[in-house]
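**Q** Coordinates in run_24.txt, compact mmCIF, C-alpha atoms and all ligand atoms, are listed below.
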# COMPACT_ATOMS: atom_id res chain seq x y z
CA MET A 114 78.93 52.37 83.17
CA SER A 115 81.68 54.56 81.75
CA GLU A 116 85.24 53.32 81.57
CA SER A 117 86.25 55.91 84.19
CA ASP A 118 84.08 54.10 86.77
CA PHE A 119 86.26 51.00 86.53
CA TYR A 120 89.35 51.04 88.74
CA ASP A 121 92.20 48.72 89.60
CA VAL A 122 91.58 49.34 93.29
CA ILE A 123 88.76 50.91 95.30
CA ILE A 124 89.67 51.84 98.88
CA ILE A 125 86.71 52.28 101.23
CA GLY A 126 87.58 54.43 104.24
CA GLY A 127 90.15 57.18 104.57
CA GLY A 128 91.79 56.61 107.95
CA PRO A 129 95.52 55.91 108.35
CA GLY A 130 95.04 52.42 106.84
CA GLY A 131 93.07 53.61 103.81
CA LEU A 132 95.38 56.56 103.15
CA THR A 133 98.51 54.41 103.43
CA ALA A 134 96.92 51.91 101.05
CA GLY A 135 96.29 54.88 98.73
CA ILE A 136 99.95 55.94 98.86
CA TYR A 137 101.24 52.44 98.10
CA SER A 138 98.59 51.80 95.48
CA MET A 139 99.42 55.01 93.60
CA ARG A 140 103.13 54.29 93.86
CA ALA A 141 102.40 50.91 92.26
CA ALA A 142 100.75 52.81 89.35
CA LEU A 143 97.32 51.35 90.07
CA ASP A 144 94.24 53.27 88.97
CA THR A 145 92.84 53.92 92.45
CA VAL A 146 89.95 55.74 94.07
CA MET A 147 89.41 56.22 97.80
CA ILE A 148 85.91 56.79 99.13
CA GLU A 149 85.58 58.56 102.45
CA MET A 150 82.39 59.69 104.11
CA THR A 151 83.83 62.41 106.36
CA ALA A 152 87.23 64.08 106.67
CA PRO A 153 90.24 61.97 105.66
CA GLY A 154 92.07 60.66 108.74
CA GLY A 155 89.18 58.87 110.42
CA GLN A 156 89.35 58.46 114.18
CA VAL A 157 92.82 60.07 114.31
CA ASN A 158 91.11 63.42 113.84
CA ASN A 159 89.58 62.96 117.30
CA SER A 160 92.91 62.49 119.06
CA ASP A 161 94.07 65.60 120.78
CA SER A 162 97.67 64.48 120.62
CA VAL A 163 99.43 61.49 119.08
CA GLU A 164 102.73 60.54 120.70
CA ASN A 165 103.38 57.06 119.34
CA TRP A 166 103.61 57.70 115.62
CA PRO A 167 107.29 57.01 114.85
CA GLY A 168 109.15 60.12 113.77
CA ASP A 169 106.81 62.56 115.49
CA GLU A 170 107.32 62.78 119.22
CA HIS A 171 104.17 64.83 119.55
CA ILE A 172 101.66 65.70 116.85
CA GLY A 173 98.01 66.74 116.89
CA GLY A 174 95.67 64.03 115.56
CA ALA A 175 94.11 66.35 112.98
CA GLU A 176 97.56 67.50 111.83
CA LEU A 177 98.75 63.90 111.39
CA ALA A 178 95.56 63.07 109.46
CA MET A 179 96.18 66.07 107.21
CA LYS A 180 99.76 64.94 106.58
CA PHE A 181 98.57 61.45 105.60
CA SER A 182 96.00 62.96 103.28
CA LEU A 183 98.37 65.44 101.61
CA HIS A 184 100.93 62.67 101.14
CA ALA A 185 98.36 60.46 99.40
CA GLN A 186 97.10 63.34 97.26
CA SER A 187 100.67 64.22 96.22
CA TYR A 188 100.56 60.98 94.18
CA GLY A 189 97.29 62.07 92.58
CA LEU A 190 95.02 59.74 94.59
CA GLU A 191 91.41 60.35 93.56
CA VAL A 192 89.25 60.89 96.65
CA ARG A 193 85.45 60.77 96.47
CA SER A 194 83.47 62.14 99.36
CA ASP A 195 80.48 59.83 99.56
CA GLU A 196 78.94 57.00 101.51
CA VAL A 197 79.38 53.44 100.28
CA ILE A 198 76.08 51.62 100.69
CA ASP A 199 76.96 48.24 99.24
CA LEU A 200 79.93 46.09 98.30
CA GLU A 201 79.19 43.15 96.04
CA PRO A 202 82.01 40.71 95.38
CA GLY A 203 82.21 39.19 91.92
CA LEU A 204 84.29 36.61 90.12
CA ASP A 205 85.51 39.01 87.41
CA PHE A 206 85.28 42.29 89.32
CA HIS A 207 83.79 43.74 92.49
CA THR A 208 80.99 46.32 92.57
CA VAL A 209 80.69 49.24 94.97
CA LYS A 210 77.47 51.24 95.19
CA LEU A 211 77.47 54.82 96.48
CA ALA A 212 74.74 56.79 98.21
CA ASP A 213 74.67 59.31 95.31
CA GLY A 214 73.38 56.49 93.07
CA SER A 215 76.62 55.80 91.22
CA THR A 216 78.22 52.39 90.82
CA LEU A 217 81.95 51.71 90.66
CA GLN A 218 83.75 48.50 89.76
CA SER A 219 87.27 47.29 90.37
CA HIS A 220 89.62 44.34 90.34
CA ALA A 221 90.43 44.78 94.04
CA VAL A 222 88.72 46.40 97.03
CA ILE A 223 90.44 47.44 100.24
CA LEU A 224 87.94 47.82 103.07
CA ALA A 225 89.20 50.15 105.78
CA THR A 226 86.06 51.21 107.62
CA GLY A 227 87.50 50.80 111.14
CA GLY A 228 85.21 50.80 114.12
CA ASN A 229 84.20 52.74 117.15
CA PRO A 230 84.69 52.19 120.86
CA ARG A 231 81.42 51.40 122.59
CA LYS A 232 80.04 54.30 124.55
CA LEU A 233 78.37 54.38 127.93
CA ASN A 234 76.00 57.16 126.85
CA ILE A 235 76.08 58.88 130.22
CA PRO A 236 76.04 62.62 130.99
CA GLY A 237 79.47 64.23 130.49
CA GLU A 238 80.86 61.44 128.24
CA ASP A 239 80.58 63.28 124.92
CA GLU A 240 81.12 66.77 126.31
CA LEU A 241 84.36 65.79 128.07
CA TYR A 242 85.80 63.61 125.31
CA GLY A 243 89.39 64.85 124.84
CA LYS A 244 89.16 66.79 128.10
CA GLY A 245 89.74 63.84 130.39
CA VAL A 246 87.47 61.23 128.82
CA SER A 247 89.35 58.79 126.60
CA TYR A 248 88.93 55.44 124.87
CA CYS A 249 92.66 54.82 124.39
CA ALA A 250 95.19 54.52 127.23
CA VAL A 251 98.17 54.18 124.91
CA CYS A 252 97.16 57.43 123.18
CA ASP A 253 96.23 59.52 126.21
CA GLY A 254 97.68 57.82 129.31
CA PHE A 255 100.76 60.02 129.23
CA PHE A 256 98.64 63.06 130.13
CA PHE A 257 97.70 61.41 133.43
CA ARG A 258 101.17 60.93 134.91
CA ASP A 259 100.91 61.00 138.71
CA LYS A 260 97.18 61.67 138.47
CA THR A 261 94.10 59.66 139.39
CA VAL A 262 92.11 57.88 136.70
CA VAL A 263 88.95 55.81 136.55
CA VAL A 264 88.86 52.86 134.14
CA ILE A 265 85.46 51.40 133.25
CA GLY A 266 85.02 47.79 132.10
CA GLY A 267 85.94 44.29 133.17
CA GLY A 268 87.25 42.64 130.00
CA ASP A 269 90.76 42.02 128.67
CA THR A 270 91.01 45.55 127.30
CA ALA A 271 90.05 47.22 130.59
CA ALA A 272 92.48 44.97 132.46
CA GLU A 273 95.36 45.53 130.04
CA GLU A 274 94.80 49.27 129.85
CA SER A 275 94.53 49.53 133.65
CA LEU A 276 97.93 47.87 133.94
CA TYR A 277 99.32 50.27 131.33
CA LEU A 278 97.84 53.27 133.14
CA ALA A 279 99.16 52.04 136.50
CA LYS A 280 102.69 52.58 135.17
CA LEU A 281 101.92 56.27 134.71
CA ALA A 282 99.13 57.30 137.04
CA LYS A 283 99.22 57.74 140.80
CA GLN A 284 96.00 55.75 141.30
CA VAL A 285 93.76 53.69 139.00
CA TYR A 286 90.17 52.84 140.01
CA LEU A 287 88.85 49.98 137.90
CA VAL A 288 85.06 50.22 137.97
CA HIS A 289 83.26 47.01 137.04
CA ARG A 290 79.53 46.38 137.08
CA ARG A 291 79.81 42.81 138.42
CA ASP A 292 81.72 40.99 141.16
CA ALA A 293 84.04 39.15 138.77
CA LEU A 294 86.19 40.33 135.88
CA ARG A 295 85.59 38.97 132.40
CA ALA A 296 89.32 39.33 131.60
CA GLY A 297 91.51 36.23 131.29
CA ALA A 298 92.90 34.64 134.45
CA LEU A 299 96.47 35.80 134.02
CA LEU A 300 95.43 39.40 133.39
CA GLN A 301 93.13 39.24 136.42
CA GLN A 302 96.04 38.08 138.59
CA ARG A 303 98.23 40.90 137.35
CA VAL A 304 95.52 43.51 137.93
CA LYS A 305 94.84 42.26 141.44
CA ALA A 306 98.58 42.22 142.25
CA GLU A 307 99.11 45.81 141.08
CA CYS A 308 98.96 47.96 144.19
CA LYS A 309 98.10 51.11 142.23
CA ILE A 310 94.86 49.51 140.95
CA GLU A 311 91.81 49.39 143.19
CA ILE A 312 88.84 47.46 141.79
CA LEU A 313 85.45 48.93 142.60
CA TRP A 314 83.18 45.89 142.27
CA ASN A 315 79.44 45.99 141.52
CA SER A 316 79.71 49.61 140.49
CA VAL A 317 78.69 51.69 137.50
CA VAL A 318 79.54 55.26 136.56
CA THR A 319 76.33 57.19 136.01
CA ALA A 320 77.78 60.63 135.19
CA ILE A 321 81.11 62.34 134.54
CA LYS A 322 81.54 65.76 136.11
CA SER A 323 83.93 68.59 135.28
CA ASP A 324 85.55 71.75 136.49
CA ASP A 325 87.43 74.42 134.50
CA SER A 326 90.33 72.07 133.75
CA GLY A 327 88.26 69.10 132.51
CA VAL A 328 87.14 65.91 134.23
CA ALA A 329 86.91 66.34 138.01
CA ALA A 330 84.79 63.45 139.33
CA VAL A 331 82.42 60.62 138.49
CA ASP A 332 79.12 59.64 140.05
CA LEU A 333 79.23 55.99 141.10
CA GLN A 334 76.29 53.74 141.81
CA ASP A 335 76.44 50.41 143.63
CA THR A 336 74.60 47.92 141.40
CA GLN A 337 73.45 45.87 144.41
CA THR A 338 72.43 48.49 146.97
CA GLY A 339 71.71 51.41 144.62
CA GLU A 340 73.88 53.61 146.85
CA GLN A 341 75.35 56.68 145.09
CA ARG A 342 78.65 58.42 145.76
CA GLU A 343 81.04 60.80 144.09
CA LEU A 344 84.65 59.85 143.32
CA ALA A 345 87.23 62.52 142.45
CA THR A 346 89.31 61.72 139.34
CA ASP A 347 91.36 63.49 136.68
CA GLY A 348 90.47 61.13 133.86
CA VAL A 349 87.97 58.52 132.75
CA PHE A 350 88.98 55.68 130.41
CA ILE A 351 86.10 53.68 128.95
CA PHE A 352 86.77 50.11 127.72
CA ILE A 353 83.44 48.38 127.42
CA GLY A 354 84.05 46.86 124.00
CA PHE A 355 84.55 48.02 120.42
CA ASN A 356 82.10 47.96 117.52
CA PRO A 357 83.80 47.13 114.22
CA ASN A 358 82.13 48.88 111.25
CA ASN A 359 81.41 45.64 109.44
CA HIS A 360 78.11 46.52 107.74
CA LEU A 361 79.76 46.51 104.28
CA VAL A 362 81.50 43.16 104.76
CA PRO A 363 79.99 40.86 102.11
CA ALA A 364 77.99 37.83 103.24
CA GLY A 365 80.16 34.73 103.39
CA THR A 366 83.26 36.63 104.49
CA ARG A 367 85.01 34.94 107.40
CA MET A 368 84.54 36.90 110.63
CA ASN A 369 85.24 36.02 114.26
CA ALA A 370 82.61 35.95 117.00
CA ASP A 371 83.24 39.65 117.79
CA GLY A 372 82.55 40.79 114.22
CA TYR A 373 86.17 41.33 113.12
CA VAL A 374 87.15 40.09 109.68
CA VAL A 375 89.65 37.25 109.56
CA THR A 376 92.27 37.68 106.83
CA ASP A 377 95.49 36.01 105.79
CA ASP A 378 98.86 37.70 106.24
CA LYS A 379 98.27 39.68 103.03
CA CYS A 380 95.11 41.18 104.63
CA GLU A 381 93.07 39.28 102.01
CA THR A 382 89.69 37.86 103.00
CA ASN A 383 88.30 34.55 101.78
CA SER A 384 86.89 36.52 98.80
CA PRO A 385 89.83 36.86 96.37
CA GLY A 386 90.69 40.52 95.71
CA ILE A 387 88.86 41.83 98.78
CA TYR A 388 91.21 43.03 101.50
CA VAL A 389 90.30 44.19 105.01
CA ILE A 390 92.68 46.38 106.98
CA GLY A 391 93.00 48.39 110.18
CA ASP A 392 90.59 48.21 113.09
CA LEU A 393 88.07 46.08 111.18
CA ARG A 394 90.59 43.25 110.80
CA GLU A 395 91.07 40.65 113.55
CA LYS A 396 94.39 41.49 115.17
CA TYR A 397 96.23 41.74 118.47
CA ALA A 398 96.26 45.53 118.93
CA ARG A 399 94.60 48.56 117.37
CA GLN A 400 97.09 51.33 116.71
CA ILE A 401 97.63 53.95 113.97
CA VAL A 402 100.96 52.41 113.03
CA LEU A 403 99.35 48.97 112.64
CA SER A 404 96.57 50.32 110.42
CA ALA A 405 99.20 52.02 108.28
CA ALA A 406 101.12 48.73 108.10
CA ASP A 407 97.95 46.93 106.96
CA GLY A 408 97.45 49.64 104.32
CA CYS A 409 100.92 48.93 102.93
CA THR A 410 100.47 45.15 103.00
CA SER A 411 97.06 45.22 101.34
CA ALA A 412 98.11 47.59 98.56
CA LEU A 413 101.22 45.56 97.73
CA ALA A 414 99.13 42.39 97.69
CA ALA A 415 96.41 44.10 95.62
CA ALA A 416 99.04 45.26 93.10
CA HIS A 417 100.12 41.66 92.62
CA TYR A 418 96.48 40.51 92.39
CA VAL A 419 95.57 43.19 89.80
CA GLU A 420 98.65 42.37 87.74
CA THR A 421 97.64 38.71 87.71
CA ARG A 422 94.09 39.61 86.66
CA LYS A 423 95.30 41.85 83.85
CA THR A 424 97.80 39.25 82.64
CA SER A 425 95.09 36.61 82.50
CA GLU A 426 92.83 39.06 80.58
CA VAL A 427 95.60 39.73 78.02
CA CYS A 428 96.29 36.00 77.69
CA GLU A 429 92.65 35.22 77.02
CA LEU A 430 92.38 34.42 73.28
CA PRO A 431 89.70 36.15 71.19
CA GLN A 432 86.71 33.85 70.46
CA GLU A 433 87.63 33.31 66.80
CA LEU A 434 91.13 32.16 67.80
CA GLN A 435 89.66 29.95 70.53
CA ASP A 436 87.33 28.42 67.88
CA LEU A 437 90.29 27.80 65.58
CA ALA A 438 92.26 26.22 68.40
CA SER A 439 89.46 23.83 69.35
P1 LIG A 501 84.68 42.67 126.24
O1 LIG A 501 85.42 41.42 126.43
O2 LIG A 501 83.38 42.63 125.50
O3 LIG A 501 84.44 43.28 127.70
C1 LIG A 501 83.67 44.40 127.87
C2 LIG A 501 83.59 44.67 129.34
O4 LIG A 501 82.85 45.86 129.51
C3 LIG A 501 82.88 43.56 130.11
O5 LIG A 501 83.52 43.34 131.34
C4 LIG A 501 81.49 44.12 130.32
O6 LIG A 501 80.90 43.74 131.55
C5 LIG A 501 81.76 45.61 130.39
N1 LIG A 501 80.62 46.37 129.89
C6 LIG A 501 79.98 46.24 128.71
N2 LIG A 501 79.00 47.15 128.61
C7 LIG A 501 79.02 47.85 129.76
C8 LIG A 501 78.25 48.93 130.26
N3 LIG A 501 77.26 49.46 129.55
N4 LIG A 501 78.53 49.41 131.48
C9 LIG A 501 79.55 48.89 132.22
N5 LIG A 501 80.32 47.87 131.80
C10 LIG A 501 80.06 47.36 130.58
O7 LIG A 501 85.53 43.80 125.47
P2 LIG A 501 87.10 44.00 125.42
O8 LIG A 501 87.68 43.91 126.77
O9 LIG A 501 87.30 45.23 124.62
O10 LIG A 501 87.59 42.76 124.57
C11 LIG A 501 87.05 42.55 123.27
C12 LIG A 501 87.64 41.26 122.70
O11 LIG A 501 89.03 41.45 122.45
C13 LIG A 501 87.50 40.11 123.68
O12 LIG A 501 87.29 38.95 122.96
C14 LIG A 501 88.85 40.08 124.33
O13 LIG A 501 89.19 38.79 124.82
C15 LIG A 501 89.77 40.49 123.19
N6 LIG A 501 90.98 41.11 123.72
C16 LIG A 501 92.01 40.27 123.98
C17 LIG A 501 93.17 40.79 124.49
C18 LIG A 501 94.30 39.86 124.79
O14 LIG A 501 94.11 38.66 124.61
N7 LIG A 501 95.43 40.33 125.21
C19 LIG A 501 93.29 42.15 124.76
C20 LIG A 501 92.21 42.97 124.51
C21 LIG A 501 91.04 42.43 123.99
P3 LIG A 501 80.43 42.22 131.81
O15 LIG A 501 81.68 41.44 132.04
O16 LIG A 501 79.55 42.33 132.98
O17 LIG A 501 79.70 41.81 130.56
Since I need it in another form, could you write the structure as C-alpha cells?
**A**
Amino acid sequence: MSESDFYDVIIIGGGPGGLTAGIYSMRAALDTVMIEMTAPGGQVNNSDSVENWPGDEHIGGAELAMKFSLHAQSYGLEVRSDEVIDLEPGLDFHTVKLADGSTLQSHAVILATGGNPRKLNIPGEDELYGKGVSYCAVCDGFFFRDKTVVVIGGGDTAAEESLYLAKLAKQVYLVHRRDALRAGALLQQRVKAECKIEILWNSVVTAIKSDDSGVAAVDLQDTQTGEQRELATDGVFIFIGFNPNNHLVPAGTRMNADGYVVTDDKCETNSPGIYVIGDLREKYARQIVLSAADGCTSALAAAHYVETRKTSEVCELPQELQDLAS
C-alpha cells in the first residue's frame, strides 16, 4: 500500500452528514477522503424542495446538495466515486476496501451511509414520487395545506406524521392494514382525538393514481372482505418503516433492535475511532440539519482521536532506545 492510501479520516457516504464531516475534518487539517457511490448529497437530491434548512427559506434539494458539496470541495476535500465493500476495524488503523479492488487505511472512519424509507412497491409509487408521493411529512407537508392526504402505516412514525399533517391539511386518512395501531398509547390517543384524522382500519393501498397535476386517488382494499374502492387524495405519505444502510457496520458494533447503530454523544461506536452519523445512527428524529450536526460532532471528535493517535506514535520510543531503557 502506498503512503497516499493512508488517511487520517475516511468518510463513507456523501450526504449532508458526510459532507459536513468533510468540511470540519478539512478545517481541522486532517488528511481526509470521502467515498460516495452516487452523486454527493445523498437522499437530499430526491427532495423537490427543502424548507427547513436554516438560512434558506426555500431551496431545491439538488441545489442544497450541490452547495454542501462545493463547500466541502472548497477546502480541498478528496472525493472518490466508488463503492465501499468492506470496513474492517483494527487496533492500530481501520481498513476500507473498495469495489475497484483498492484498499485504504485510516486512523478514523466516519460512516454516513444513511438509510432508505421502506417502500410499498405498488403501481404509481415510484412514478409519482415527488409529485404527491412522499416519505417525509416535515419536508413535503407544506405543499398539502388545505388539501387531502393519505398516510399509510400504523407505527409511531405514521401516527406522528399524521398529527403533523393534520395541522396543515384539510383531511388526513390514516390507512392501516390491521384493526389496531402499533404506535404508542399516547400517540394513539392523540391521533384518535384529532378530528381531521380518519383512520381507515383493515385497509391497504394497492395502487396510486394520477392526473395531470400529480396524485389524484388511491385504490383501497379491505383486508378482511377483499372489497375494493377508490379514494380521492392530493397526496400519499408512506411510513411503513425505514431500512438503515447498515451492511458495512462491523460485526460487534452495538446496534438496536431496528438496526440503527448506538453511539455515544461524540457519535463514536464501541469500536474506538469508528463514528456513525446521520440516519444510520440511533436518534430521535431524522432531518438534514441533524445529520449535518452529527457530521460536525464526529469530525471534531475524530480530530481529537487522530491527534491522540499521532501523539502516541511520536512518543513511542525506537526499539534500540526501548532496549536501552529496559
Ligand atoms: P414501525 O414501528 O416498524 O411501523 C411500521 C408500520 O407500518 C406498522 O404499523 C406496520 O403494520 C406497517 N407496515 C409495514 N409494512 C407494511 C406494508 N407493506 N403495508 C402496509 N403497512 C405496513 O416503523 P416506524 O413507525 O417507522 O417506527 C420505527 C421505529 O422508530 C419504531 O421502533 C418506533 O417506535 C420508533 N419511533 C419512535 C418515535 C417516538 O418514540 N416518538 C417516533 C417515530 C419512530 P403492522 O403494525 O401491521 O406491522
**Q** Can you list, as a compact mmCIF listing (two decimals) with C-alpha atoms, in the coordinates of the input, every protein, DNA or RNA residue that comes within 8 Å of stretch 417-428 of chain A when you count all atoms listed in the file, leaving out same-chain residues fewer than 4 positions away?
**A**
# COMPACT_ATOMS: atom_id res chain seq x y z
CA ASP A 121 92.20 48.72 89.60
CA HIS A 220 89.62 44.34 90.34
CA ALA A 221 90.43 44.78 94.04
CA GLY A 386 90.69 40.52 95.71
CA LEU A 413 101.22 45.56 97.73
**Q** May I have a table of the residues of chain A lying at most 10 Å from ligand LIG 501 (chain A), giving each one's closest pair of atoms and their distance in Å to one decimal, counting only C-alpha atoms and all ligand atoms, ordered by chain and ascending residue number, as CSV?
**A**
residue,atom,partner,partner_atom,distance
A:Pro230,CA,A:LIG501,O9,8.3
A:Arg231,CA,A:LIG501,N2,7.8
A:Lys232,CA,A:LIG501,N3,7.5
A:Leu233,CA,A:LIG501,N3,5.3
A:Asn234,CA,A:LIG501,N3,8.3
A:Ile235,CA,A:LIG501,N3,9.5
A:Ile265,CA,A:LIG501,N5,6.4
A:Gly266,CA,A:LIG501,O4,3.9
A:Gly267,CA,A:LIG501,O5,3.2
A:Gly268,CA,A:LIG501,O8,3.5
A:Asp269,CA,A:LIG501,O8,4.1
A:Thr270,CA,A:LIG501,O8,3.7
A:Ala271,CA,A:LIG501,O8,5.6
A:Ala272,CA,A:LIG501,O8,7.5
A:Glu273,CA,A:LIG501,C19,6.6
A:Glu274,CA,A:LIG501,C20,8.7
A:Val288,CA,A:LIG501,C9,8.1
A:His289,CA,A:LIG501,N5,6.1
A:Arg290,CA,A:LIG501,C9,5.5
A:Arg291,CA,A:LIG501,O16,5.5
A:Asp292,CA,A:LIG501,O16,8.6
A:Ala293,CA,A:LIG501,O15,7.5
A:Leu294,CA,A:LIG501,O15,6.0
A:Arg295,CA,A:LIG501,O15,4.6
A:Ala296,CA,A:LIG501,O13,6.8
A:Gly297,CA,A:LIG501,O13,7.3
A:Leu299,CA,A:LIG501,N7,10.0
A:Leu300,CA,A:LIG501,N7,8.2
A:Asn315,CA,A:LIG501,O16,9.3
A:Ser316,CA,A:LIG501,C9,8.3
A:Val317,CA,A:LIG501,C9,6.0
A:Val318,CA,A:LIG501,C9,7.7
A:Thr319,CA,A:LIG501,N4,9.3
A:Ile351,CA,A:LIG501,O4,8.5
A:Phe352,CA,A:LIG501,O9,5.8
A:Ile353,CA,A:LIG501,O4,3.3
A:Gly354,CA,A:LIG501,O9,3.7
A:Phe355,CA,A:LIG501,O9,5.7
A:Asn356,CA,A:LIG501,O9,9.2
A:Asn369,CA,A:LIG501,O12,9.4
A:Ala370,CA,A:LIG501,O12,8.2
A:Asp371,CA,A:LIG501,O12,6.6
A:Gly372,CA,A:LIG501,C12,9.9
A:Tyr373,CA,A:LIG501,C12,9.7
A:Glu395,CA,A:LIG501,O11,9.2
A:Lys396,CA,A:LIG501,O11,9.0
A:Tyr397,CA,A:LIG501,C17,6.8
A:Ala398,CA,A:LIG501,C20,7.4
A:Arg399,CA,A:LIG501,C20,9.4
**Q** Quick check, in Å to one decimal: how far apart do atom CA of A:Arg258 and atom CA of A:His171 lie?
**A**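 Taking atom CA of A:Arg258 and atom CA of A:His171, their separation equals 16.1 Å.
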**Q** In terms of the shortest atom-to-atom distance over all atoms listed in the file, which of A:Ala175, A:Ala306, A:Val362, A:Leu143 is closest to A:Leu200?
**A**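 Once distances to A:Leu200 are computed over all atoms listed in the file, the minimum belongs to A:Val362.
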**Q** Take atom CA of A:Asn358 and atom CA of A:Ile148 and report the distance between them in Å, one decimal.
**A**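 Straight-line distance from atom CA of A:Asn358 to atom CA of A:Ile148 works out to 15.0 Å.
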**Q** Determine, counting only C-alpha atoms, which protein, DNA and RNA residues have an atom within 9 Å of an atom of A:Val122; residues of the same chain fewer than 2 positions away are not included. Present the result as a VMD selection string.
**A** chain A and resid 119 to 120 124 138 143 to 147 218 to 223 412 415 to 416 419
**Q** Dump C-alpha atoms for the selected residues as a JSON list (two decimals), in the frame of the given file?
**A**
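Output contents, as saved in again15.json:
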[["chain", "number", "residue", "atom", "x", "y", "z"],
["A", 119, "PHE", "CA", 86.26, 51.00, 86.53],
["A", 120, "TYR", "CA", 89.35, 51.04, 88.74],
["A", 124, "ILE", "CA", 89.67, 51.84, 98.88],
["A", 138, "SER", "CA", 98.59, 51.80, 95.48],
["A", 143, "LEU", "CA", 97.32, 51.35, 90.07],
["A", 144, "ASP", "CA", 94.24, 53.27, 88.97],
["A", 145, "THR", "CA", 92.84, 53.92, 92.45],
["A", 146, "VAL", "CA", 89.95, 55.74, 94.07],
["A", 147, "MET", "CA", 89.41, 56.22, 97.80],
["A", 218, "GLN", "CA", 83.75, 48.50, 89.76],
["A", 219, "SER", "CA", 87.27, 47.29, 90.37],
["A", 220, "HIS", "CA", 89.62, 44.34, 90.34],
["A", 221, "ALA", "CA", 90.43, 44.78, 94.04],
["A", 222, "VAL", "CA", 88.72, 46.40, 97.03],
["A", 223, "ILE", "CA", 90.44, 47.44, 100.24],
["A", 412, "ALA", "CA", 98.11, 47.59, 98.56],
["A", 415, "ALA", "CA", 96.41, 44.10, 95.62],
["A", 416, "ALA", "CA", 99.04, 45.26, 93.10],
["A", 419, "VAL", "CA", 95.57, 43.19, 89.80]]
**Q** So what do you get for atom CA of A:Val251 versus atom CA of A:Glu381, distance-wise?
**A**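 These two atoms are separated by 27.8 Å.
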**Q** A:Leu224, A:Ala345, A:Cys308, A:Met150: which is nearest A:Leu393, counting all atoms listed in the file?
**A** A:Leu224
**Q** Might you pull out every residue within 8 Å of A:Ala405, with all atoms listed in the file counted and same-chain residues fewer than 2 positions away left off, and present them as a VMD selection string?
**A** chain A and resid 129 to 134 391 401 to 403 407 to 409
**Q** What would the list of residues within 8 Å of (91.3, 59.5, 113.7) (file frame) look like as a PyMOL selection string, if all atoms listed in the file are what count?
**A** chain A and resi 128-129+154-160+174-175+178
**Q** Output C-alpha atoms for every residue in the selection just made, as a compact mmCIF listing (two decimals), in the frame of the given file.
**A**
# COMPACT_ATOMS: atom_id res chain seq x y z
CA GLY A 128 91.79 56.61 107.95
CA PRO A 129 95.52 55.91 108.35
CA GLY A 154 92.07 60.66 108.74
CA GLY A 155 89.18 58.87 110.42
CA GLN A 156 89.35 58.46 114.18
CA VAL A 157 92.82 60.07 114.31
CA ASN A 158 91.11 63.42 113.84
CA ASN A 159 89.58 62.96 117.30
CA SER A 160 92.91 62.49 119.06
CA GLY A 174 95.67 64.03 115.56
CA ALA A 175 94.11 66.35 112.98
CA ALA A 178 95.56 63.07 109.46
**Q** Between A:Gly127, A:Gly214, A:Gly348, A:Gly228, which is the closest to A:Ser326 once you count only C-alpha atoms?
**A**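 Closest to A:Ser326 of all the choices is A:Gly348.
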**Q** Between A:Ile310, A:Ala141, A:Leu278, A:Ile387, which residue has the minimum interatomic distance to A:Ile123, considering all atoms listed in the file?
**A**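 Of all the options, A:Ile387 lies closest to A:Ile123.
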**Q** Using only C-alpha atoms, pick whichever of A:Glu201, A:Asp195, A:Ala414, A:Tyr286 has the shortest atom-to-atom distance to A:Gly365.
**A**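 The answer is A:Glu201, which sits nearest to A:Gly365.
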**Q** Select, from A:Gln400, A:Lys283, A:Thr261, A:Gly339, the residue with the minimum atom-to-atom distance to A:Pro167, counting only C-alpha atoms.
**A**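 Using only C-alpha atoms, the shortest distance to A:Pro167 belongs to A:Gln400.
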**Q** If I put a ball of radius 12 Å at (103.8, 59.4, 137.2) in the file's coordinates, which residues poke into it when counting only C-alpha atoms, written as a ChimeraX atom specification?
**A** /A:254-262,277-285,309
**Q** Quick one: residues within 9 Å of A:Ser384, all atoms listed in the file, excluding same-chain residues fewer than 6 positions away - as a PyMOL selection string?
**A** chain A and resi 202-203+363+365-367
**Q** Which residues, written as a ChimeraX atom specification, have at least one atom at most 8 Å from A:Val328, with only C-alpha atoms counted and residues fewer than 3 positions away on the same chain left out?
**A** /A:241,244-246,321-324,346-349
